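Take a look at the structure set out below.
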Amino acid sequence: MGHLPPYAPMTARLGPLPPRSRDELYGYEMKWDGVRALGYVEGGRLRLVSRNGLDVTVAYPELGPLADAVAGAAVLDGEIVAFGPRGHPSFAALQPRMHQRDPAKIRMLARTTPVTYLIFDILHRGDATAIRLPYVERRDLLDRTISAGERWDVPPYSPGGGAAAFRTSHELRLEGVVAKRLTSAYQPGRRSGDWVKVKHFRTQEVVVGGWKPGEGRRARGIGSLLLGVRDPAGRLVYAGHVGTGFTEAALADLGARLAPLARATSPFADEVPREHARHAHWTEPVLVGEVRYAEWTGDGRLRHPSWRGLRPDRRAEDVVREPG
DNA sequence: TTCCGACAGTGGGGTCGCAAT
DNA sequence: ATTGCGACCCCACTATCGGAA
């Protein structure tokens, strides 16, 4: 009766698709938008541990039967995903579950929005670690270890074929793909270049309608910019803030440009939430920039926005929310 | 010498729980 | 009862420094 050792999840570096000349060195997996979890199966029980080392087992009772679908003791690595109404992973659908402690609410959510554990790696089997095995051998071991179930799956990987996999991920409305070196070992706790996540980014032109002061290094200047886009009626609608992507030089430049544009009231047609408006310095909505982002949230905010730079060639009147 | 990898530090959208008001 | 705040999830990015290449 061995005791499974703790593992820390290996993470991927963000980057471009490997060049065609190196394509066949990688296995490609779909990237699922959910929460990362290691699954410790031992003594007929499953224990789920978050990236931060917290035991999150109680939040996902529908995954419990996985313990019976695993041959012997094992440590699995995968993503817990909630599928939205249109059949693709929805982080928003998962969020109420992630922090929930109330057993009654958890049971209710498990009925209405059951999750799926998408397993893509195995770190331990029986009383032996598997992390030194190359990726392809771990994947083989994974297939031999788990039998199919309703609420979990071992999605396939594609050896080579990165460009096609990336296109497929777009058609399926997924975040992108993860390219993993076929010969690489599992490196616990490391953000290794052997795993590269390749994401679909969108860009959006935005109007700057204000800014908020920063803290620490940025205490004397801009911390983030308040952004807006025009709706079909031409009204400037609040779209959230962006606080990353600029160099210190860019921040200083923006500060100088925004200073003469100061005004007393919000330029947005809709109401900016009070937490966001607190400490805001409003400006005339004339400066246009571009951000890169992951998706629009249900509240019309940009998720994971990063600043790309000013767009002096664009007029603030023409900045509309683009489809996507 | 230059480059890479790891870290610290800044910022974002969200949710929940709890303490302060 | 409401509000504020920290702890968690997801994350992008810049600046820095020491060691590898």
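Here's how to read the names in the structure tokens: chain A, B, ... by the order shown, residue numbers from 1 in each chain, ligand numbers from 1 in the order shown.
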
Please identify every residue of segment 56-95 of chain A that has at least one atom no farther than 10 Å from an atom of segment 4-20 of chain B, counting only C-alpha atoms (C1' of nucleotides), and for each give the shortest atom pair and the distance in Å to one decimal, arranged by chain then increasing number, as JSON lines.
```
{"residue": "A:Phe91", "atom": "CA", "partner": "B:DG14", "partner_atom": "C1'", "distance": 9.7}
{"residue": "A:Ala92", "atom": "CA", "partner": "B:DG14", "partner_atom": "C1'", "distance": 8.1}
{"residue": "A:Gln95", "atom": "CA", "partner": "B:DT15", "partner_atom": "C1'", "distance": 6.4}
```

Residues from last step as file, C-alpha atoms, as a CSV table (one decimal), in the first residue's frame:
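Saved the output as part05.csv:
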```
chain,number,residue,atom,x,y,z
A,91,PHE,CA,-14.6,29.0,-18.4
A,92,ALA,CA,-17.5,31.2,-17.4
A,95,GLN,CA,-16.4,29.7,-12.4
```

What's the 10 Å shell around His276 of chain A, counting only C-alpha atoms (C1' of nucleotides), without same-chain residues fewer than 3 positions away, as a short mmCIF file (atom, residue, chain, number, x, y, z; two decimals) with N, CA and C atoms, in the first residue's frame?
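part_24.cif, freshly written:
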```cif
data_model
loop_
_atom_site.label_atom_id
_atom_site.label_comp_id
_atom_site.auth_asym_id
_atom_site.auth_seq_id
_atom_site.Cartn_x
_atom_site.Cartn_y
_atom_site.Cartn_z
N LYS A 212 -6.22 54.80 -14.66
CA LYS A 212 -6.13 54.67 -13.20
C LYS A 212 -4.67 54.64 -12.81
N LEU A 226 -8.69 52.80 -19.11
CA LEU A 226 -10.10 52.43 -19.22
C LEU A 226 -10.49 52.52 -20.69
N GLY A 240 -13.83 47.58 -20.20
CA GLY A 240 -12.85 47.08 -19.25
C GLY A 240 -11.54 47.84 -19.29
N HIS A 241 -10.54 47.39 -18.50
CA HIS A 241 -9.23 48.06 -18.54
C HIS A 241 -8.17 47.16 -19.13
N VAL A 272 -20.02 52.94 -15.66
CA VAL A 272 -18.84 52.14 -15.33
C VAL A 272 -19.01 51.64 -13.90
N PRO A 273 -18.84 50.35 -13.66
CA PRO A 273 -19.02 49.82 -12.30
C PRO A 273 -18.18 50.61 -11.29
N HIS A 279 -11.07 56.02 -8.30
CA HIS A 279 -9.72 56.53 -8.61
C HIS A 279 -9.48 56.75 -10.09
N ALA A 280 -10.56 56.69 -10.88
CA ALA A 280 -10.38 56.89 -12.33
C ALA A 280 -10.15 58.36 -12.65
#
```

field: Residues within 7 Å of Val237 of chain A, only C-alpha atoms (C1' of nucleotides), excluding chain neighbours under 6 positions, as a list in words
entry: Gly228, Val229, Arg230, Asp231, Phe268, Ala269 and Asp270 of chain A

- prompt: In segment 121-303 of chain A, what's strand (DSSP E) per DSSP? Answer as a VMD selection string?
  reply: chain A and resid 121 to 125 128 to 129 152 to 153 158 to 159 176 to 181 191 to 199 202 to 213 222 to 230 236 to 242 281 to 282 288 to 293 295 to 296 302 to 303

Would you output that residue set with C-alpha atoms, as a PDB file, in the first residue's frame?
```pdb
ATOM      1  CA  ASP A 121      -0.703  12.879 -18.905  1.00  0.00           C
ATOM      2  CA  ILE A 122       0.258  10.300 -16.294  1.00  0.00           C
ATOM      3  CA  LEU A 123       2.967  10.982 -13.724  1.00  0.00           C
ATOM      4  CA  HIS A 124       2.838   7.859 -11.606  1.00  0.00           C
ATOM      5  CA  ARG A 125       1.597   4.308 -11.976  1.00  0.00           C
ATOM      6  CA  ALA A 128       6.776   3.861  -9.833  1.00  0.00           C
ATOM      7  CA  THR A 129       7.081   7.388 -11.103  1.00  0.00           C
ATOM      8  CA  TRP A 152     -13.729  11.858 -18.255  1.00  0.00           C
ATOM      9  CA  ASP A 153     -11.789  11.346 -21.438  1.00  0.00           C
ATOM     10  CA  SER A 158      -1.447  14.233 -33.124  1.00  0.00           C
ATOM     11  CA  PRO A 159       2.230  13.477 -33.787  1.00  0.00           C
ATOM     12  CA  GLY A 176      -5.450  26.882 -29.377  1.00  0.00           C
ATOM     13  CA  VAL A 177      -3.105  23.915 -29.163  1.00  0.00           C
ATOM     14  CA  VAL A 178      -0.264  22.749 -26.956  1.00  0.00           C
ATOM     15  CA  ALA A 179       2.807  21.393 -28.747  1.00  0.00           C
ATOM     16  CA  LYS A 180       4.781  18.896 -26.671  1.00  0.00           C
ATOM     17  CA  ARG A 181       8.189  17.504 -27.522  1.00  0.00           C
ATOM     18  CA  ARG A 191       7.476  26.160 -17.249  1.00  0.00           C
ATOM     19  CA  SER A 192       9.456  24.348 -19.870  1.00  0.00           C
ATOM     20  CA  GLY A 193      10.039  25.114 -23.512  1.00  0.00           C
ATOM     21  CA  ASP A 194       9.288  21.448 -24.203  1.00  0.00           C
ATOM     22  CA  TRP A 195       5.625  22.417 -23.960  1.00  0.00           C
ATOM     23  CA  VAL A 196       4.505  25.373 -26.059  1.00  0.00           C
ATOM     24  CA  LYS A 197       0.969  26.696 -25.928  1.00  0.00           C
ATOM     25  CA  VAL A 198      -0.067  28.297 -29.186  1.00  0.00           C
ATOM     26  CA  LYS A 199      -3.130  30.491 -28.793  1.00  0.00           C
ATOM     27  CA  ARG A 202      -7.870  38.437 -31.446  1.00  0.00           C
ATOM     28  CA  THR A 203      -7.218  42.133 -31.759  1.00  0.00           C
ATOM     29  CA  GLN A 204      -9.596  45.009 -31.137  1.00  0.00           C
ATOM     30  CA  GLU A 205      -9.290  48.711 -31.608  1.00  0.00           C
ATOM     31  CA  VAL A 206     -10.252  50.624 -28.488  1.00  0.00           C
ATOM     32  CA  VAL A 207     -10.886  54.203 -27.408  1.00  0.00           C
ATOM     33  CA  VAL A 208      -9.116  55.353 -24.249  1.00  0.00           C
ATOM     34  CA  GLY A 209     -11.649  57.007 -21.958  1.00  0.00           C
ATOM     35  CA  GLY A 210      -9.547  57.360 -18.821  1.00  0.00           C
ATOM     36  CA  TRP A 211      -6.825  55.841 -16.712  1.00  0.00           C
ATOM     37  CA  LYS A 212      -6.129  54.672 -13.203  1.00  0.00           C
ATOM     38  CA  PRO A 213      -2.943  55.349 -11.263  1.00  0.00           C
ATOM     39  CA  ILE A 222      -0.553  55.128 -15.178  1.00  0.00           C
ATOM     40  CA  GLY A 223      -1.534  51.727 -13.863  1.00  0.00           C
ATOM     41  CA  SER A 224      -4.171  50.858 -16.412  1.00  0.00           C
ATOM     42  CA  LEU A 225      -6.292  52.393 -19.168  1.00  0.00           C
ATOM     43  CA  LEU A 226     -10.101  52.432 -19.221  1.00  0.00           C
ATOM     44  CA  LEU A 227     -11.303  51.292 -22.617  1.00  0.00           C
ATOM     45  CA  GLY A 228     -14.418  51.670 -24.711  1.00  0.00           C
ATOM     46  CA  VAL A 229     -15.842  50.700 -28.078  1.00  0.00           C
ATOM     47  CA  ARG A 230     -18.805  52.116 -29.975  1.00  0.00           C
ATOM     48  CA  LEU A 236     -19.188  54.663 -26.403  1.00  0.00           C
ATOM     49  CA  VAL A 237     -19.589  51.523 -24.297  1.00  0.00           C
ATOM     50  CA  TYR A 238     -17.218  50.568 -21.482  1.00  0.00           C
ATOM     51  CA  ALA A 239     -15.073  47.516 -22.314  1.00  0.00           C
ATOM     52  CA  GLY A 240     -12.846  47.076 -19.249  1.00  0.00           C
ATOM     53  CA  HIS A 241      -9.233  48.058 -18.537  1.00  0.00           C
ATOM     54  CA  VAL A 242      -5.878  47.050 -19.840  1.00  0.00           C
ATOM     55  CA  HIS A 281      -9.105  59.927 -14.201  1.00  0.00           C
ATOM     56  CA  TRP A 282     -11.489  60.535 -17.115  1.00  0.00           C
ATOM     57  CA  VAL A 288      -7.267  55.159 -30.227  1.00  0.00           C
ATOM     58  CA  GLY A 289      -5.171  52.098 -29.506  1.00  0.00           C
ATOM     59  CA  GLU A 290      -5.128  48.390 -30.177  1.00  0.00           C
ATOM     60  CA  VAL A 291      -5.303  45.496 -27.720  1.00  0.00           C
ATOM     61  CA  ARG A 292      -4.803  41.772 -28.071  1.00  0.00           C
ATOM     62  CA  TYR A 293      -7.266  39.696 -26.075  1.00  0.00           C
ATOM     63  CA  GLU A 295     -12.382  36.718 -25.772  1.00  0.00           C
ATOM     64  CA  TRP A 296     -15.276  38.944 -24.743  1.00  0.00           C
ATOM     65  CA  LEU A 302     -12.137  42.073 -22.732  1.00  0.00           C
ATOM     66  CA  ARG A 303     -10.627  38.961 -21.183  1.00  0.00           C
TER      67      ARG A 303
END
```

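From atom CA of Tyr60 of chain A back to atom CA of Gln100 of chain A, the distance works out to 9.9 Å.
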
task: For atom CA of Ala165 of chain A and atom CA of Tyr28 of chain A, quote the distance in Å rounded to one decimal.
output: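 Between atom CA of Ala165 of chain A and atom CA of Tyr28 of chain A the gap works out to 6.8 Å.
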
Find the residues of chain C that sit at most 10 Å from chain A; for each, write down the nearest two atoms and how far apart they are in Å, to one decimal. Count only C-alpha atoms (C1' of nucleotides). Sort by chain, then by number going up, and give it as a Markdown table.
```
| residue | atom | partner | partner_atom | distance |
| --- | --- | --- | --- | --- |
| C:DG4 | C1' | A:Glu275 | CA | 9.9 |
| C:DA7 | C1' | A:His99 | CA | 9.9 |
| C:DC8 | C1' | A:His99 | CA | 7.1 |
| C:DC9 | C1' | A:Met98 | CA | 6.8 |
| C:DC10 | C1' | A:Val35 | CA | 7.6 |
| C:DC11 | C1' | A:His304 | CA | 5.9 |
| C:DA12 | C1' | A:Ser306 | CA | 6.2 |
| C:DC13 | C1' | A:Gly245 | CA | 5.2 |
| C:DT14 | C1' | A:Thr247 | CA | 6.4 |
| C:DA15 | C1' | A:Thr247 | CA | 9.3 |
```

- request: Identify, with DSSP run on backbone atoms, the residues in segment 157-312 of chain A assigned to alpha helix (DSSP H), and express the list as a list in words.
  value: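 Result set for segment 157-312 of chain A (alpha helix (DSSP H)): Gly162, Ala163, Ala164, Ala165, Phe166, Arg167, Thr168, Ser169, His170, Glu171, Glu248, Ala249, Ala250, Leu251, Ala252, Asp253, Leu254, Gly255, Ala256, Arg257, Leu258, Arg274, Glu275, His276 and Ala277 of chain A.
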
message: If we count only C-alpha atoms (C1' of nucleotides) and set the cut-off at 10 Å, which residues sit around Arg173 of chain A, ignoring sequence neighbours fewer than 4 positions away in its own chain? Please answer as a ChimeraX atom specification.
response: /A:86-89,167-169,200

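Using only C-alpha atoms (C1' of nucleotides), the nearest neighbour of chain B within the list A:Ala219, A:Val75, A:Val154, A:Leu287 is A:Ala219.
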
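Take the candidates A:Leu254, A:Arg218, A:Val115, A:Gln187 and check each one against chain B using only C-alpha atoms (C1' of nucleotides); the shortest distance goes to A:Arg218.
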